[in-house]
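**Q** This is the structure I have questions about; it appears just below.
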Amino acid sequence: MGSTIFAEMSALAVSTGSVNLGQGFPDTDGPREIAEAAAAAILAGRGNQYPPVPGIPELRHAIAAHQQRFYGLAFDPDSEVQVTAGATEAIAAALLALVEPGDEVIAFEPYYDSYAACIALAGGVRVPVTLRAPGFRPDLDAVRAAVTPRTRLILLNTPHNPTGTVFTRDELAAIAGLACERDLLVICDEVYEHMVYAGEHVPIGSLPGMRERTVSISSAGKTFSFTGWKVGWVTAAPELIAAVRAVKQFLTFVSSGPFQYAVAEALRMPDAYFAGISEALQVKRDLLCAGLAGVGFGVYPPDGTYFVTTDIRRLGGADGVEFCRDLPHQAGVVAIPNSVFYDDPDAGRTQVRFAFCKRPEVLQEALARIEKWAAQR
Ligand code: PMP
Ligand code: GLN
């Protein structure tokens, strides 16, 4: 199930007529004016032919301005920004560029499925540090213990998919201190940067000593609810960007020409748009968390992302994979078993992830179905 989990579960949702709370994609498109900007770019012939490999200048300037506006981070749009085919390509290019065969990569499990695949593609060795229920906080002693002379980099994701953990400034400072002390690079996947319900998103690249050793990754897919456009980006010091670019040009060369123009506009939307993302999602989070808790799921309310991790033991579940294969047939709802995000098959065995980036009536319908299913058991 592991490698194709999202596609497999979305196909199952279609074939069973289920409400799909598995794969994380919104069921409402992003801002109308941004969609219109993409359409206008296509019709005006902007980006219909290969855009520049680094990304169009308008978008690179907008990415740099966004980093400055929200985090006070200054990046040179020419030498310190690279546009990619979604965060997915950014992760692949960064790992392929920076990891040599045999290098160790520390990553917090459960991890987003492309991490393990891309570390393997690079010939690297992944060294998991486990985030454990109920808090899913990073064990900083375990991180320190995981560092060896072969460690090349730490791969971070905050806000974290699938647990919803938002790493605190203190946690990040400890990881940053270790990276500086042991001369490690950090790749930080920040695609959920604007989806935070408690605490704040702190880019680790903003901490002392980290500017030169951090590769920061984000994407328009989550922030602007256009996951199909596949516009992502990397911000980092010039040598790191040059390394990422060298790989990226042989992965896709370029992508998403007209969408780059639209995302350049999106990144310049007013602060209220960005604040509104978390405000709207928080209501949905609370709705789904309360509903799932009501039928007996153990619920770990997330501080960030649009996912909630649950535990199925109180419902008599022992294996999330089995549970998620049965649920569409029995209840008409699709979810994702967290065990596919772990190296350790036992960790996360009883955890199941639901996405709440859906219209309230869709969440209500999913809950009604689950309630009916639970009542009949
Ligand atoms: N990282 C994480 C943690 C994600 O959840 C996702 C969503 N698929 C991605 C990266 C990939 O983002 P994109 O769709 O921009 O490739
Ligand atoms: N990021 C989304 C998730 O975690 C979608 C992943 C995908 O379809 N590859 O569900």
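Numbering starts fresh at 1 for the residues of each chain in the structure tokens, the chains themselves are lettered A, B, ... in the order given, and ligands are numbered from 1 as they appear.
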Wanna dump the chain A-ligand 1 contacts at 6 Å for me, each residue with its shortest atom pair and the distance in Å to one decimal, counting only C-alpha atoms and all ligand atoms, ordered by chain and number, as a tab-separated table?

**A**
residue	atom	partner	partner_atom_place_in_ligand_line	distance
A:Gly86	CA	ligand 1	15 (O)	3.4
A:Ala87	CA	ligand 1	15 (O)	3.8
A:Thr88	CA	ligand 1	16 (O)	3.7
A:Tyr112	CA	ligand 1	3 (C)	5.3
A:Asn161	CA	ligand 1	3 (C)	5.1
A:Asp189	CA	ligand 1	1 (N)	5.9
A:Val191	CA	ligand 1	1 (N)	5.9
A:Ser219	CA	ligand 1	15 (O)	4.6
A:Gly221	CA	ligand 1	15 (O)	5.1
A:Thr227	CA	ligand 1	14 (O)	5.4
A:Lys230	CA	ligand 1	15 (O)	5.4
A:Gly232	CA	ligand 1	15 (O)	5.3

**Q** Give me the region 106-143 of chain A side of the contact with region 289-299 of chain A, cut-off 12 Å, one line per residue showing its nearest atom pair and distance in Å at one decimal, counting only C-alpha atoms, sorted by chain and residue number, as JSON lines.

**A**
{"residue": "A:Ala133", "atom": "CA", "partner": "A:Val299", "partner_atom": "CA", "distance": 10.3}
{"residue": "A:Pro134", "atom": "CA", "partner": "A:Val299", "partner_atom": "CA", "distance": 9.0}
{"residue": "A:Gly135", "atom": "CA", "partner": "A:Val299", "partner_atom": "CA", "distance": 11.1}

**Q** Ligand 2: which residues are within 9 Å, counting only C-alpha atoms and all ligand atoms? Reply as an mmCIF file with N, CA and C atoms, in the first residue's frame.

**A**
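Just written: selection.cif:
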data_model
loop_
_atom_site.group_PDB
_atom_site.id
_atom_site.type_symbol
_atom_site.label_atom_id
_atom_site.label_comp_id
_atom_site.auth_asym_id
_atom_site.auth_seq_id
_atom_site.Cartn_x
_atom_site.Cartn_y
_atom_site.Cartn_z
ATOM 1 N N THR A 4 1.827 4.051 -3.024
ATOM 2 C CA THR A 4 0.755 4.650 -3.815
ATOM 3 C C THR A 4 -0.468 4.929 -2.959
ATOM 4 N N ILE A 5 -0.245 5.140 -1.696
ATOM 5 C CA ILE A 5 -1.365 5.239 -0.764
ATOM 6 C C ILE A 5 -2.389 6.305 -1.159
ATOM 7 N N PHE A 6 -1.903 7.494 -1.561
ATOM 8 C CA PHE A 6 -2.847 8.587 -1.839
ATOM 9 C C PHE A 6 -3.674 8.279 -3.078
ATOM 10 N N ALA A 7 -2.998 7.790 -4.120
ATOM 11 C CA ALA A 7 -3.711 7.457 -5.355
ATOM 12 C C ALA A 7 -4.656 6.284 -5.106
ATOM 13 N N SER A 10 -7.666 7.477 -3.074
ATOM 14 C CA SER A 10 -8.560 8.355 -3.844
ATOM 15 C C SER A 10 -9.333 7.544 -4.878
ATOM 16 N N LEU A 21 -11.748 11.807 2.661
ATOM 17 C CA LEU A 21 -10.970 12.581 3.637
ATOM 18 C C LEU A 21 -9.556 12.000 3.741
ATOM 19 N N GLY A 22 -9.145 11.320 2.667
ATOM 20 C CA GLY A 22 -7.816 10.700 2.640
ATOM 21 C C GLY A 22 -6.781 11.659 2.100
ATOM 22 N N GLN A 23 -6.609 11.623 0.785
ATOM 23 C CA GLN A 23 -5.621 12.491 0.137
ATOM 24 C C GLN A 23 -5.910 13.955 0.480
ATOM 25 N N GLY A 24 -4.854 14.688 0.791
ATOM 26 C CA GLY A 24 -5.053 16.071 1.219
ATOM 27 C C GLY A 24 -5.158 17.032 0.059
ATOM 28 N N PHE A 25 -6.369 17.310 -0.361
ATOM 29 C CA PHE A 25 -6.573 18.382 -1.349
ATOM 30 C C PHE A 25 -7.907 19.042 -1.029
ATOM 31 N N THR A 88 7.051 18.837 -4.115
ATOM 32 C CA THR A 88 7.522 17.467 -4.367
ATOM 33 C C THR A 88 8.837 17.479 -5.141
ATOM 34 N N TYR A 112 6.117 12.316 5.457
ATOM 35 C CA TYR A 112 5.466 12.425 4.167
ATOM 36 C C TYR A 112 6.132 11.434 3.221
ATOM 37 N N ASP A 113 5.346 10.721 2.444
ATOM 38 C CA ASP A 113 5.877 9.520 1.775
ATOM 39 C C ASP A 113 7.010 9.785 0.786
ATOM 40 N N SER A 114 7.080 10.969 0.216
ATOM 41 C CA SER A 114 8.149 11.178 -0.771
ATOM 42 C C SER A 114 9.531 11.280 -0.122
ATOM 43 N N ASN A 161 3.008 17.112 8.583
ATOM 44 C CA ASN A 161 2.059 16.152 8.033
ATOM 45 C C ASN A 161 2.588 14.752 8.340
ATOM 46 N N PRO A 162 1.856 13.862 8.978
ATOM 47 C CA PRO A 162 0.417 13.887 9.254
ATOM 48 C C PRO A 162 0.007 14.291 10.675
ATOM 49 N N VAL A 191 5.380 23.600 3.646
ATOM 50 C CA VAL A 191 4.216 23.821 2.769
ATOM 51 C C VAL A 191 2.952 24.222 3.533
ATOM 52 N N LYS A 222 -0.886 24.344 -1.241
ATOM 53 C CA LYS A 222 -1.626 24.391 0.024
ATOM 54 C C LYS A 222 -2.133 25.806 0.295
ATOM 55 N N THR A 227 -3.775 22.742 -5.746
ATOM 56 C CA THR A 227 -2.771 21.665 -5.659
ATOM 57 C C THR A 227 -2.408 21.119 -7.038
ATOM 58 N N PHE A 307 -4.750 18.246 8.516
ATOM 59 C CA PHE A 307 -4.968 16.840 8.828
ATOM 60 C C PHE A 307 -5.159 16.656 10.326
ATOM 61 N N ILE A 336 -6.616 7.788 5.705
ATOM 62 C CA ILE A 336 -5.272 7.277 5.392
ATOM 63 C C ILE A 336 -4.667 6.663 6.662
ATOM 64 N N ALA A 355 -8.392 14.230 6.501
ATOM 65 C CA ALA A 355 -8.169 15.602 6.018
ATOM 66 C C ALA A 355 -9.429 16.423 6.256
#

**Q** I'd like to know which residues of region 98-153 of chain A are alpha helix (DSSP H) (by DSSP, run on the backbone); could you write them as a PyMOL selection string?

**A** chain A and resi 98+113-121+140-146

**Q** Rounded to one decimal place, report the CA of Thr158 (chain A)-CA of Tyr192 (chain A) distance in Å.

**A**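 Taking CA of Thr158 (chain A) and CA of Tyr192 (chain A), their separation equals 7.2 Å.
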
**Q** Pick out the closest residue to Phe259 (chain A) from this set: A:Pro101, A:Pro238, A:Gly228, A:Pro52. Count only C-alpha atoms.

**A**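 Closest candidate: A:Gly228.
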
**Q** Can you tell me how far CA of Leu96 (chain A) sits from CA of Arg353 (chain A), in Å to one decimal?

**A**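 It comes out at 28.9 Å.
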
**Q** Going by DSSP on the backbone, which bits of region 187-373 of chain A are strand (DSSP E)? Write them as a count of residues only, please.

**A** 31

**Q** List the spatial neighbours of Gln364 (chain A) as an NGL selection string - criterion: any atom at most 12 Å away, only C-alpha atoms, same-chain residues fewer than 5 positions off excluded.

**A** :A and (19 or 21 or 284-292 or 333 or 356 or 358-359 or 369-371)

**Q** Which residue out of A:Leu363, A:Ile42, A:Ala375, A:Val263 has the minimum interatomic distance to Ile63 (chain A) when only C-alpha atoms are used?

**A** A:Val263

**Q** Calculate how many Å separate CA of Leu156 (chain A) from CA of Glu265 (chain A), rounding to one decimal.

**A** 28.1 Å

**Q** Which residues are near Leu267 (chain A)? Cut-off 10 Å, only C-alpha atoms, ignore same chain within fewer than 4 positions. Put them as a ChimeraX atom specification.

**A** /A:34,59,61-67,220,223-224,262-263,271,273-274

**Q** Which one is closest to Gly30 (chain A): A:Ser225, A:Thr130, A:Ser15, A:Thr252? Count only C-alpha atoms.

**A**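 The shortest atom-to-atom distance to Gly30 (chain A) comes from A:Ser225.
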
**Q** Would you mind telling me which residue in A:Cys324, A:Glu100, A:Val143, A:Ala107 lies nearest to Arg126 (chain A) when using only C-alpha atoms?

**A**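 For Arg126 (chain A), the nearest of the candidates is A:Ala107.
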
**Q** For Cys188 (chain A), which residue out of A:Ala264, A:Ile217, A:Leu327, A:Val99 is the nearest one, using only C-alpha atoms?

**A**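 The shortest atom-to-atom distance to Cys188 (chain A) comes from A:Ile217.
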